[in-house]
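Asker: My file is structure-v1.tsv. It has TSV, N, CA and C atoms:
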chain	number	residue	atom	x	y	z
A	1	LYS	N	3.40	-11.68	-4.64
A	1	LYS	CA	3.28	-13.05	-5.09
A	1	LYS	C	4.66	-13.59	-5.44
A	2	GLN	N	4.78	-14.87	-5.40
A	2	GLN	CA	6.01	-15.53	-5.77
A	2	GLN	C	5.79	-16.32	-7.05
A	3	GLY	N	6.87	-16.49	-7.78
A	3	GLY	CA	6.80	-17.27	-9.00
A	3	GLY	C	8.07	-18.07	-9.17
A	4	MET	N	8.12	-18.82	-10.23
A	4	MET	CA	9.29	-19.64	-10.51
A	4	MET	C	9.86	-19.25	-11.87
A	5	ILE	N	11.18	-19.01	-11.90
A	5	ILE	CA	11.84	-18.73	-13.15
A	5	ILE	C	12.24	-20.06	-13.77
A	6	LEU	N	11.73	-20.32	-14.95
A	6	LEU	CA	12.04	-21.57	-15.62
A	6	LEU	C	13.52	-21.59	-16.00
A	7	GLN	N	14.15	-22.76	-15.93
A	7	GLN	CA	15.58	-22.87	-16.20
A	7	GLN	C	15.92	-22.35	-17.59
A	8	SER	N	15.09	-22.62	-18.56
A	8	SER	CA	15.36	-22.16	-19.92
A	8	SER	C	15.16	-20.65	-20.07
A	9	GLU	N	14.58	-20.00	-19.07
A	9	GLU	CA	14.29	-18.57	-19.14
A	9	GLU	C	15.18	-17.74	-18.21
A	10	ILE	N	16.23	-18.34	-17.66
A	10	ILE	CA	17.09	-17.61	-16.72
A	10	ILE	C	18.00	-16.63	-17.44
A	11	SER	N	18.55	-17.03	-18.57
A	11	SER	CA	19.50	-16.18	-19.27
A	11	SER	C	19.47	-16.48	-20.76
A	12	ARG	N	19.92	-15.49	-21.55
A	12	ARG	CA	20.04	-15.71	-22.99
A	12	ARG	C	21.26	-16.55	-23.31
A	13	ARG	N	22.22	-16.52	-22.39
A	13	ARG	CA	23.44	-17.32	-22.58
A	13	ARG	C	23.30	-18.67	-21.89
A	14	ARG	N	24.23	-19.56	-22.22
A	14	ARG	CA	24.24	-20.89	-21.60
A	14	ARG	C	24.62	-20.74	-20.12
A	15	VAL	N	23.90	-21.44	-19.28
A	15	VAL	CA	24.13	-21.37	-17.83
A	15	VAL	C	24.56	-22.75	-17.34
A	16	ARG	N	25.75	-22.81	-16.74
A	16	ARG	CA	26.23	-24.09	-16.19
A	16	ARG	C	25.56	-24.39	-14.86
A	17	SER	N	25.50	-23.38	-14.01
A	17	SER	CA	24.94	-23.59	-12.68
A	17	SER	C	23.87	-22.54	-12.39
A	18	VAL	N	22.65	-22.98	-12.33
A	18	VAL	CA	21.53	-22.08	-12.05
A	18	VAL	C	21.69	-21.44	-10.68
A	19	SER	N	22.22	-22.17	-9.73
A	19	SER	CA	22.34	-21.66	-8.36
A	19	SER	C	23.29	-20.47	-8.26
A	20	LYS	N	24.18	-20.27	-9.24
A	20	LYS	CA	25.05	-19.11	-9.24
A	20	LYS	C	24.32	-17.85	-9.67
A	21	ILE	N	23.25	-18.01	-10.40
A	21	ILE	CA	22.49	-16.87	-10.91
A	21	ILE	C	21.29	-16.53	-10.03
A	22	ALA	N	20.58	-17.55	-9.57
A	22	ALA	CA	19.36	-17.32	-8.80
A	22	ALA	C	19.21	-18.37	-7.71
A	23	ARG	N	18.77	-17.89	-6.56
A	23	ARG	CA	18.50	-18.79	-5.44
A	23	ARG	C	17.07	-18.55	-4.95
A	24	VAL	N	16.54	-19.53	-4.27
A	24	VAL	CA	15.19	-19.41	-3.71
A	24	VAL	C	15.18	-18.26	-2.71
A	25	GLY	N	14.18	-17.40	-2.84
A	25	GLY	CA	14.02	-16.29	-1.91
A	25	GLY	C	14.61	-14.99	-2.41
A	26	GLN	N	15.46	-15.03	-3.44
A	26	GLN	CA	16.02	-13.80	-3.98
A	26	GLN	C	14.95	-13.05	-4.78
A	27	VAL	N	15.14	-11.74	-4.87
A	27	VAL	CA	14.22	-10.91	-5.65
A	27	VAL	C	14.90	-10.59	-6.98
A	28	HIS	N	14.20	-10.90	-8.07
A	28	HIS	CA	14.71	-10.64	-9.42
A	28	HIS	C	13.63	-9.96	-10.23
A	29	VAL	N	14.06	-9.16	-11.20
A	29	VAL	CA	13.13	-8.56	-12.14
A	29	VAL	C	12.89	-9.59	-13.24
A	30	ALA	N	11.63	-9.89	-13.48
A	30	ALA	CA	11.28	-10.91	-14.48
A	30	ALA	C	9.94	-10.54	-15.10
A	31	SER	N	9.69	-11.13	-16.26
A	31	SER	CA	8.39	-10.93	-16.90
A	31	SER	C	7.56	-12.21	-16.69
A	32	VAL	N	6.26	-12.04	-16.68
A	32	VAL	CA	5.36	-13.17	-16.46
A	32	VAL	C	5.10	-13.85	-17.80
A	33	LEU	N	5.35	-15.16	-17.84
A	33	LEU	CA	5.06	-15.94	-19.04
A	33	LEU	C	3.65	-16.51	-19.00
A	34	ARG	N	3.33	-17.15	-17.88
A	34	ARG	CA	2.03	-17.80	-17.71
A	34	ARG	C	1.60	-17.73	-16.24
A	35	VAL	N	0.30	-17.74	-16.06
A	35	VAL	CA	-0.27	-17.81	-14.73
A	35	VAL	C	-1.27	-18.95	-14.72
A	36	ASP	N	-1.05	-19.91	-13.84
A	36	ASP	CA	-1.97	-21.04	-13.67
A	36	ASP	C	-2.69	-20.81	-12.34
A	37	SER	N	-3.85	-20.15	-12.41
A	37	SER	CA	-4.56	-19.80	-11.18
A	37	SER	C	-5.13	-21.02	-10.47
A	38	GLN	N	-5.39	-22.10	-11.20
A	38	GLN	CA	-5.90	-23.32	-10.55
A	38	GLN	C	-4.88	-23.91	-9.60
A	39	HIS	N	-3.62	-23.96	-10.04
A	39	HIS	CA	-2.57	-24.57	-9.23
A	39	HIS	C	-1.73	-23.54	-8.48
A	40	GLY	N	-1.94	-22.25	-8.78
A	40	GLY	CA	-1.21	-21.19	-8.10
A	40	GLY	C	0.21	-21.01	-8.60
A	41	PHE	N	0.50	-21.39	-9.84
A	41	PHE	CA	1.83	-21.27	-10.40
A	41	PHE	C	1.96	-20.00	-11.22
A	42	ILE	N	3.11	-19.35	-11.11
A	42	ILE	CA	3.42	-18.21	-11.95
A	42	ILE	C	4.78	-18.52	-12.58
A	43	ASP	N	4.81	-18.68	-13.90
A	43	ASP	CA	6.06	-18.94	-14.62
A	43	ASP	C	6.65	-17.61	-15.07
A	44	LEU	N	7.94	-17.41	-14.76
A	44	LEU	CA	8.61	-16.15	-15.02
A	44	LEU	C	9.78	-16.32	-15.97
A	45	SER	N	10.22	-15.21	-16.56
A	45	SER	CA	11.37	-15.22	-17.46
A	45	SER	C	12.25	-14.01	-17.19
A	46	LYS	N	13.54	-14.25	-16.97
A	46	LYS	CA	14.51	-13.15	-16.89
A	46	LYS	C	15.04	-12.84	-18.28
A	47	LYS	N	14.95	-13.80	-19.17
A	47	LYS	CA	15.49	-13.69	-20.52
A	47	LYS	C	14.77	-12.60	-21.32
A	48	ASN	N	13.49	-12.40	-21.08
A	48	ASN	CA	12.69	-11.45	-21.86
A	48	ASN	C	12.76	-10.02	-21.34
A	49	VAL	N	13.54	-9.77	-20.29
A	49	VAL	CA	13.59	-8.45	-19.68
A	49	VAL	C	14.84	-7.70	-20.16
A	50	GLU	N	14.63	-6.49	-20.69
A	50	GLU	CA	15.74	-5.65	-21.14
A	50	GLU	C	16.43	-5.01	-19.94
A	51	GLU	N	17.71	-4.66	-20.11
A	51	GLU	CA	18.50	-4.07	-19.03
A	51	GLU	C	17.88	-2.76	-18.53
A	52	SER	N	17.35	-1.94	-19.46
A	52	SER	CA	16.72	-0.68	-19.06
A	52	SER	C	15.48	-0.92	-18.21
A	53	GLU	N	14.75	-1.98	-18.51
A	53	GLU	CA	13.56	-2.33	-17.73
A	53	GLU	C	13.95	-2.78	-16.32
A	54	VAL	N	15.09	-3.46	-16.21
A	54	VAL	CA	15.56	-3.92	-14.89
A	54	VAL	C	15.80	-2.71	-14.00
A	55	HIS	N	16.52	-1.72	-14.53
A	55	HIS	CA	16.82	-0.52	-13.74
A	55	HIS	C	15.54	0.19	-13.31
A	56	MET	N	14.62	0.37	-14.24
A	56	MET	CA	13.36	1.06	-13.93
A	56	MET	C	12.57	0.29	-12.87
A	57	ALA	N	12.50	-1.04	-13.01
A	57	ALA	CA	11.75	-1.85	-12.06
A	57	ALA	C	12.38	-1.81	-10.67
A	58	GLU	N	13.71	-1.86	-10.62
A	58	GLU	CA	14.39	-1.80	-9.32
A	58	GLU	C	14.17	-0.46	-8.64
A	59	GLU	N	14.18	0.61	-9.42
A	59	GLU	CA	13.95	1.95	-8.87
A	59	GLU	C	12.51	2.07	-8.36
A	60	ARG	N	11.57	1.57	-9.14
A	60	ARG	CA	10.16	1.62	-8.73
A	60	ARG	C	9.93	0.79	-7.45
A	61	TYR	N	10.59	-0.36	-7.37
A	61	TYR	CA	10.48	-1.20	-6.18
A	61	TYR	C	11.06	-0.48	-4.96
A	62	ALA	N	12.22	0.14	-5.13
A	62	ALA	CA	12.85	0.86	-4.01
A	62	ALA	C	11.96	2.02	-3.55
A	63	ASN	N	11.36	2.74	-4.50
A	63	ASN	CA	10.46	3.84	-4.15
A	63	ASN	C	9.21	3.34	-3.43
A	64	ALA	N	8.65	2.24	-3.91
A	64	ALA	CA	7.46	1.68	-3.27
A	64	ALA	C	7.78	1.20	-1.86
A	65	LYS	N	8.96	0.64	-1.70
A	65	LYS	CA	9.39	0.19	-0.37
A	65	LYS	C	9.53	1.39	0.58
A	66	LEU	N	10.05	2.50	0.06
A	66	LEU	CA	10.18	3.71	0.85
A	66	LEU	C	8.81	4.24	1.27
A	67	VAL	N	7.87	4.27	0.33
A	67	VAL	CA	6.50	4.73	0.63
A	67	VAL	C	5.89	3.85	1.71
A	68	HIS	N	6.05	2.54	1.57
A	68	HIS	CA	5.50	1.62	2.57
A	68	HIS	C	6.12	1.87	3.95
A	69	THR	N	7.42	2.08	3.99
A	69	THR	CA	8.10	2.33	5.26
A	69	THR	C	7.57	3.59	5.92
A	70	VAL	N	7.42	4.66	5.14
A	70	VAL	CA	6.89	5.91	5.68
A	70	VAL	C	5.48	5.71	6.20
A	71	MET	N	4.63	5.03	5.42
A	71	MET	CA	3.25	4.83	5.85
A	71	MET	C	3.18	3.93	7.09
A	72	ALA	N	4.04	2.94	7.18
A	72	ALA	CA	4.05	2.06	8.36
A	72	ALA	C	4.46	2.85	9.60
A	73	GLN	N	5.44	3.75	9.45
A	73	GLN	CA	5.84	4.59	10.58
A	73	GLN	C	4.72	5.54	10.98
A	74	LEU	N	4.03	6.10	9.98
A	74	LEU	CA	2.90	6.98	10.27
A	74	LEU	C	1.79	6.22	10.99
A	75	ALA	N	1.56	4.98	10.57
A	75	ALA	CA	0.53	4.16	11.22
A	75	ALA	C	0.89	3.94	12.69
A	76	ALA	N	2.15	3.71	12.96
A	76	ALA	CA	2.58	3.49	14.35
A	76	ALA	C	2.45	4.78	15.17
A	77	ILE	N	2.83	5.92	14.57
A	77	ILE	CA	2.78	7.19	15.29
A	77	ILE	C	1.34	7.62	15.56
A	78	THR	N	0.49	7.53	14.54
A	78	THR	CA	-0.89	8.02	14.66
A	78	THR	C	-1.84	6.98	15.23
A	79	GLU	N	-1.37	5.74	15.35
A	79	GLU	CA	-2.19	4.62	15.82
A	79	GLU	C	-3.41	4.40	14.93
A	80	ILE	N	-3.23	4.67	13.65
A	80	ILE	CA	-4.25	4.41	12.64
A	80	ILE	C	-3.79	3.18	11.88
A	81	PRO	N	-4.67	2.20	11.65
A	81	PRO	CA	-4.24	1.00	10.93
A	81	PRO	C	-3.64	1.34	9.56
A	82	LEU	N	-2.58	0.63	9.21
A	82	LEU	CA	-1.87	0.86	7.95
A	82	LEU	C	-2.81	0.73	6.75
A	83	LEU	N	-3.67	-0.26	6.77
A	83	LEU	CA	-4.60	-0.45	5.65
A	83	LEU	C	-5.49	0.77	5.47
A	84	GLU	N	-5.96	1.34	6.58
A	84	GLU	CA	-6.82	2.53	6.50
A	84	GLU	C	-6.04	3.72	5.92
A	85	LEU	N	-4.79	3.90	6.36
A	85	LEU	CA	-3.96	4.97	5.80
A	85	LEU	C	-3.76	4.77	4.29
A	86	ASN	N	-3.50	3.53	3.91
A	86	ASN	CA	-3.30	3.26	2.48
A	86	ASN	C	-4.57	3.51	1.67
A	87	GLU	N	-5.71	3.05	2.17
A	87	GLU	CA	-6.97	3.23	1.45
A	87	GLU	C	-7.34	4.69	1.27
A	88	HIS	N	-7.06	5.51	2.30
A	88	HIS	CA	-7.54	6.89	2.28
A	88	HIS	C	-6.48	7.92	1.93
A	89	ILE	N	-5.21	7.53	1.89
A	89	ILE	CA	-4.15	8.48	1.56
A	89	ILE	C	-3.28	7.97	0.42
A	90	THR	N	-2.61	6.85	0.65
A	90	THR	CA	-1.60	6.39	-0.30
A	90	THR	C	-2.20	6.05	-1.66
A	91	TRP	N	-3.22	5.22	-1.71
A	91	TRP	CA	-3.77	4.78	-3.00
A	91	TRP	C	-4.35	5.92	-3.82
A	92	PRO	N	-5.10	6.86	-3.21
A	92	PRO	CA	-5.54	8.00	-4.02
A	92	PRO	C	-4.37	8.82	-4.58
A	93	LEU	N	-3.29	8.94	-3.79
A	93	LEU	CA	-2.14	9.69	-4.28
A	93	LEU	C	-1.42	8.93	-5.40
A	94	TYR	N	-1.43	7.60	-5.33
A	94	TYR	CA	-0.88	6.79	-6.42
A	94	TYR	C	-1.65	7.06	-7.70
A	95	ARG	N	-2.98	7.14	-7.59
A	95	ARG	CA	-3.78	7.39	-8.79
A	95	ARG	C	-3.49	8.77	-9.38
A	96	LYS	N	-3.29	9.76	-8.51
A	96	LYS	CA	-3.04	11.12	-8.98
A	96	LYS	C	-1.63	11.29	-9.53
A	97	TYR	N	-0.64	10.76	-8.84
A	97	TYR	CA	0.76	11.00	-9.20
A	97	TYR	C	1.44	9.82	-9.89
A	98	LYS	N	0.72	8.74	-10.14
A	98	LYS	CA	1.26	7.53	-10.77
A	98	LYS	C	2.18	6.75	-9.83
A	99	HIS	N	2.58	7.35	-8.73
A	99	HIS	CA	3.38	6.65	-7.72
A	99	HIS	C	3.33	7.47	-6.44
A	100	GLY	N	3.23	6.81	-5.31
A	100	GLY	CA	3.19	7.48	-4.02
A	100	GLY	C	4.46	8.27	-3.74
A	101	TYR	N	5.58	7.77	-4.26
A	101	TYR	CA	6.86	8.45	-4.06
A	101	TYR	C	6.81	9.86	-4.65
A	102	ASN	N	6.22	10.00	-5.84
A	102	ASN	CA	6.09	11.31	-6.48
A	102	ASN	C	5.25	12.25	-5.62
A	103	ALA	N	4.20	11.73	-5.02
A	103	ALA	CA	3.36	12.54	-4.13
A	103	ALA	C	4.14	12.98	-2.91
A	104	PHE	N	4.93	12.07	-2.34
A	104	PHE	CA	5.74	12.41	-1.17
A	104	PHE	C	6.77	13.48	-1.50
A	105	MET	N	7.38	13.40	-2.68
A	105	MET	CA	8.35	14.42	-3.09
A	105	MET	C	7.66	15.77	-3.22
A	106	GLN	N	6.43	15.77	-3.73
A	106	GLN	CA	5.65	17.00	-3.86
A	106	GLN	C	5.35	17.57	-2.47
A	107	ILE	N	5.02	16.69	-1.52
A	107	ILE	CA	4.74	17.12	-0.15
A	107	ILE	C	5.99	17.74	0.47
A	108	LEU	N	7.15	17.11	0.26
A	108	LEU	CA	8.39	17.63	0.82
A	108	LEU	C	8.75	19.00	0.22
A	109	GLU	N	8.45	19.19	-1.06
A	109	GLU	CA	8.76	20.46	-1.72
A	109	GLU	C	7.84	21.57	-1.27
A	110	THR	N	6.55	21.29	-1.12
A	110	THR	CA	5.58	22.35	-0.84
A	110	THR	C	5.09	22.39	0.59
A	111	GLY	N	5.27	21.30	1.32
A	111	GLY	CA	4.79	21.24	2.70
A	111	GLY	C	3.32	20.89	2.76
A	112	PRO	N	2.73	21.01	3.96
A	112	PRO	CA	1.33	20.63	4.13
A	112	PRO	C	0.33	21.47	3.33
A	113	GLU	N	0.79	22.60	2.78
A	113	GLU	CA	-0.11	23.44	1.98
A	113	GLU	C	-0.65	22.70	0.76
A	114	ILE	N	0.03	21.64	0.37
A	114	ILE	CA	-0.40	20.87	-0.80
A	114	ILE	C	-1.81	20.30	-0.59
A	115	VAL	N	-2.17	20.09	0.67
A	115	VAL	CA	-3.49	19.55	0.98
A	115	VAL	C	-4.58	20.48	0.45
A	116	ASP	N	-4.39	21.79	0.62
A	116	ASP	CA	-5.38	22.75	0.12
A	116	ASP	C	-5.53	22.63	-1.40
A	117	GLU	N	-4.41	22.44	-2.09
A	117	GLU	CA	-4.45	22.28	-3.54
A	117	GLU	C	-5.21	21.01	-3.91
A	118	TRP	N	-4.95	19.92	-3.19
A	118	TRP	CA	-5.63	18.65	-3.46
A	118	TRP	C	-7.12	18.78	-3.21
A	119	LYS	N	-7.49	19.54	-2.18
A	119	LYS	CA	-8.92	19.75	-1.90
A	119	LYS	C	-9.59	20.47	-3.06
A	120	LYS	N	-8.92	21.49	-3.60
A	120	LYS	CA	-9.47	22.24	-4.73
A	120	LYS	C	-9.63	21.35	-5.95
A	121	GLU	N	-8.62	20.48	-6.16
A	121	GLU	CA	-8.65	19.58	-7.31
A	121	GLU	C	-9.64	18.44	-7.13
A	122	GLY	N	-10.04	18.21	-5.86
A	122	GLY	CA	-10.99	17.13	-5.58
A	122	GLY	C	-10.39	15.75	-5.83
A	123	VAL	N	-9.19	15.52	-5.27
A	123	VAL	CA	-8.54	14.22	-5.45
A	123	VAL	C	-9.49	13.15	-4.91
A	124	GLU	N	-9.83	12.21	-5.78
A	124	GLU	CA	-10.83	11.20	-5.49
A	124	GLU	C	-10.41	10.29	-4.34
A	125	ASP	N	-11.31	10.03	-3.42
A	125	ASP	CA	-11.15	9.10	-2.30
A	125	ASP	C	-10.12	9.54	-1.25
A	126	LEU	N	-9.53	10.71	-1.39
A	126	LEU	CA	-8.52	11.14	-0.43
A	126	LEU	C	-9.21	11.69	0.81
A	127	ASP	N	-8.90	11.12	1.96
A	127	ASP	CA	-9.48	11.55	3.22
A	127	ASP	C	-8.64	12.70	3.77
A	128	PHE	N	-9.10	13.92	3.56
A	128	PHE	CA	-8.31	15.10	3.92
A	128	PHE	C	-8.18	15.26	5.43
A	129	GLU	N	-9.22	14.89	6.17
A	129	GLU	CA	-9.12	15.00	7.63
A	129	GLU	C	-8.03	14.07	8.16
A	130	LEU	N	-7.99	12.87	7.64
A	130	LEU	CA	-6.97	11.90	8.05
A	130	LEU	C	-5.59	12.39	7.63
A	131	LEU	N	-5.47	12.92	6.44
A	131	LEU	CA	-4.20	13.42	5.94
A	131	LEU	C	-3.71	14.58	6.81
A	132	GLU	N	-4.61	15.48	7.17
A	132	GLU	CA	-4.23	16.61	8.01
A	132	GLU	C	-3.81	16.14	9.40
A	133	LYS	N	-4.46	15.11	9.92
A	133	LYS	CA	-4.07	14.54	11.20
A	133	LYS	C	-2.65	13.98	11.13
A	134	VAL	N	-2.34	13.32	10.02
A	134	VAL	CA	-0.99	12.79	9.81
A	134	VAL	C	0.02	13.93	9.74
A	135	PHE	N	-0.31	14.99	8.98
A	135	PHE	CA	0.60	16.14	8.87
A	135	PHE	C	0.80	16.81	10.23
A	136	ASP	N	-0.28	16.97	10.99
A	136	ASP	CA	-0.16	17.58	12.31
A	136	ASP	C	0.80	16.79	13.18
A	137	THR	N	0.69	15.47	13.11
A	137	THR	CA	1.57	14.59	13.89
A	137	THR	C	3.01	14.75	13.41
A	138	LEU	N	3.21	14.81	12.11
A	138	LEU	CA	4.56	14.91	11.56
A	138	LEU	C	5.23	16.24	11.90
A	139	TYR	N	4.47	17.32	11.85
A	139	TYR	CA	5.05	18.63	12.01
A	139	TYR	C	4.96	19.17	13.43
A	140	GLU	N	4.66	18.30	14.41
A	140	GLU	CA	4.61	18.75	15.81
A	140	GLU	C	6.00	19.03	16.33
Could you express the structure from this file as structure tokens?

Answerer:
Amino acid sequence: KQGMILQSEISRRRVRSVSKIARVGQVHVASVLRVDSQHGFIDLSKKNVEESEVHMAEERYANAKLVHTVMAQLAAITEIPLLELNEHITWPLYRKYKHGYNAFMQILETGPEIVDEWKKEGVEDLDFELLEKVFDTLYE
């Protein structure tokens, strides 16, 4: 979703030129002030975000982008729709590991054997047949 950073919420300091700090289309870490679902407006604030939160949010965004890239490549290789891969693999792993990136790091450390562990644990909604098909394709 897109939102608008209010001019008074861009910085804690005085800003002479808003265009030097933010431009349309740029990605910024901000907190949500208000959501007007009737008109589709989301008012944002950069002023309310701590520096430590910015770093964490940027890292989480980069990791999510990496997960998406990997899943999109897998969808192209396996010819399985990306949405189906996400519903049956990525999202259940997000629920288990709090982030898909953490699950991928676990996969890289242990290899495809992790699937057996997930089966024993009964990871909810995870399609093991689909996951094994993806692993077979990756490790060919």

Asker: Near Glu79 in chain A, counting only C-alpha atoms, which residues have an atom at most 12 Å away, once you skip same-chain residues fewer than 4 positions from it, shown as a list in words?

Answerer: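 Once the adjacent positions are removed, what remains is Met71, Ala72, Gln73, Leu74, Ala75, Leu83, Glu84, Leu85, Leu130, Lys133, Val134 and Thr137 of chain A.
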
Asker: Would you pick out the contacts of range 19-27 of chain A at 12 Å or less, using only C-alpha atoms, so that residues sharing its chain but fewer than 6 positions from it are not included, and give the list as a VMD selection string?

Answerer: chain A and resid 1 to 7 9 to 11 13 45 to 46 54 57 to 58 61 to 62

Asker: Could you please write out, as a list in words, every residue of chain A that DSSP assigns to strand (DSSP E or B)?

Answerer: Met4, Ile5, Ser31, Val32, Leu33, Arg34, Val35, Asp36, Phe41, Ile42, Asp43, Leu44 and Ser45 of chain A

Asker: Could you please write out, as a ChimeraX atom specification, every residue of range 19-130 of chain A that DSSP assigns to alpha helix (DSSP H)?

Answerer: /A:19-21,51-78,82-85,91-97,100-110,114-121,128-130

Asker: Determine, counting only N, CA and C atoms, which protein, DNA and RNA residues have an atom within 8 Å of an atom of Asn63 in chain A; residues of the same chain fewer than 6 positions away are not included. Present the result as number ranges by chain.

Answerer: A: 57, 69, 99-102

Asker: So, with only C-alpha atoms as the atoms that count, which of A:Thr78, A:Arg34, A:Arg60, A:Val67 lies closest to Ala103 in chain A?

Answerer: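 Checking each of A:Thr78, A:Arg34, A:Arg60, A:Val67 against Ala103 in chain A, counting only C-alpha atoms, the winner is A:Val67.
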
Asker: Quick one: pull the distance between atom N of Ser31 in chain A and atom N of Asp43 in chain A, Å, one decimal.

Answerer: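 Interatomic distance, atom N of Ser31 in chain A to atom N of Asp43 in chain A: 9.3 Å.
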
Asker: Adding 4 Å on each side of the box along x, y and z that holds all listed atoms of range 60-66 of chain A, could you give its centre and edge lengths in Å to one decimal, as AutoDock Vina command-line options?

Answerer:
--center_x 10.2 --center_y 1.5 --center_z -3.9 --size_x 13.4 --size_y 13.4 --size_z 18.4

Asker: So what do you get for atom C of Pro92 in chain A versus atom C of Leu131 in chain A, distance-wise?

Answerer: 12.8 Å

Asker: Suppose you want the space between atom C of Leu66 in chain A and atom N of Glu129 in chain A; what is it in Å?

Answerer: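 Answer for the atom C of Leu66 in chain A to atom N of Glu129 in chain A separation: 21.5 Å.
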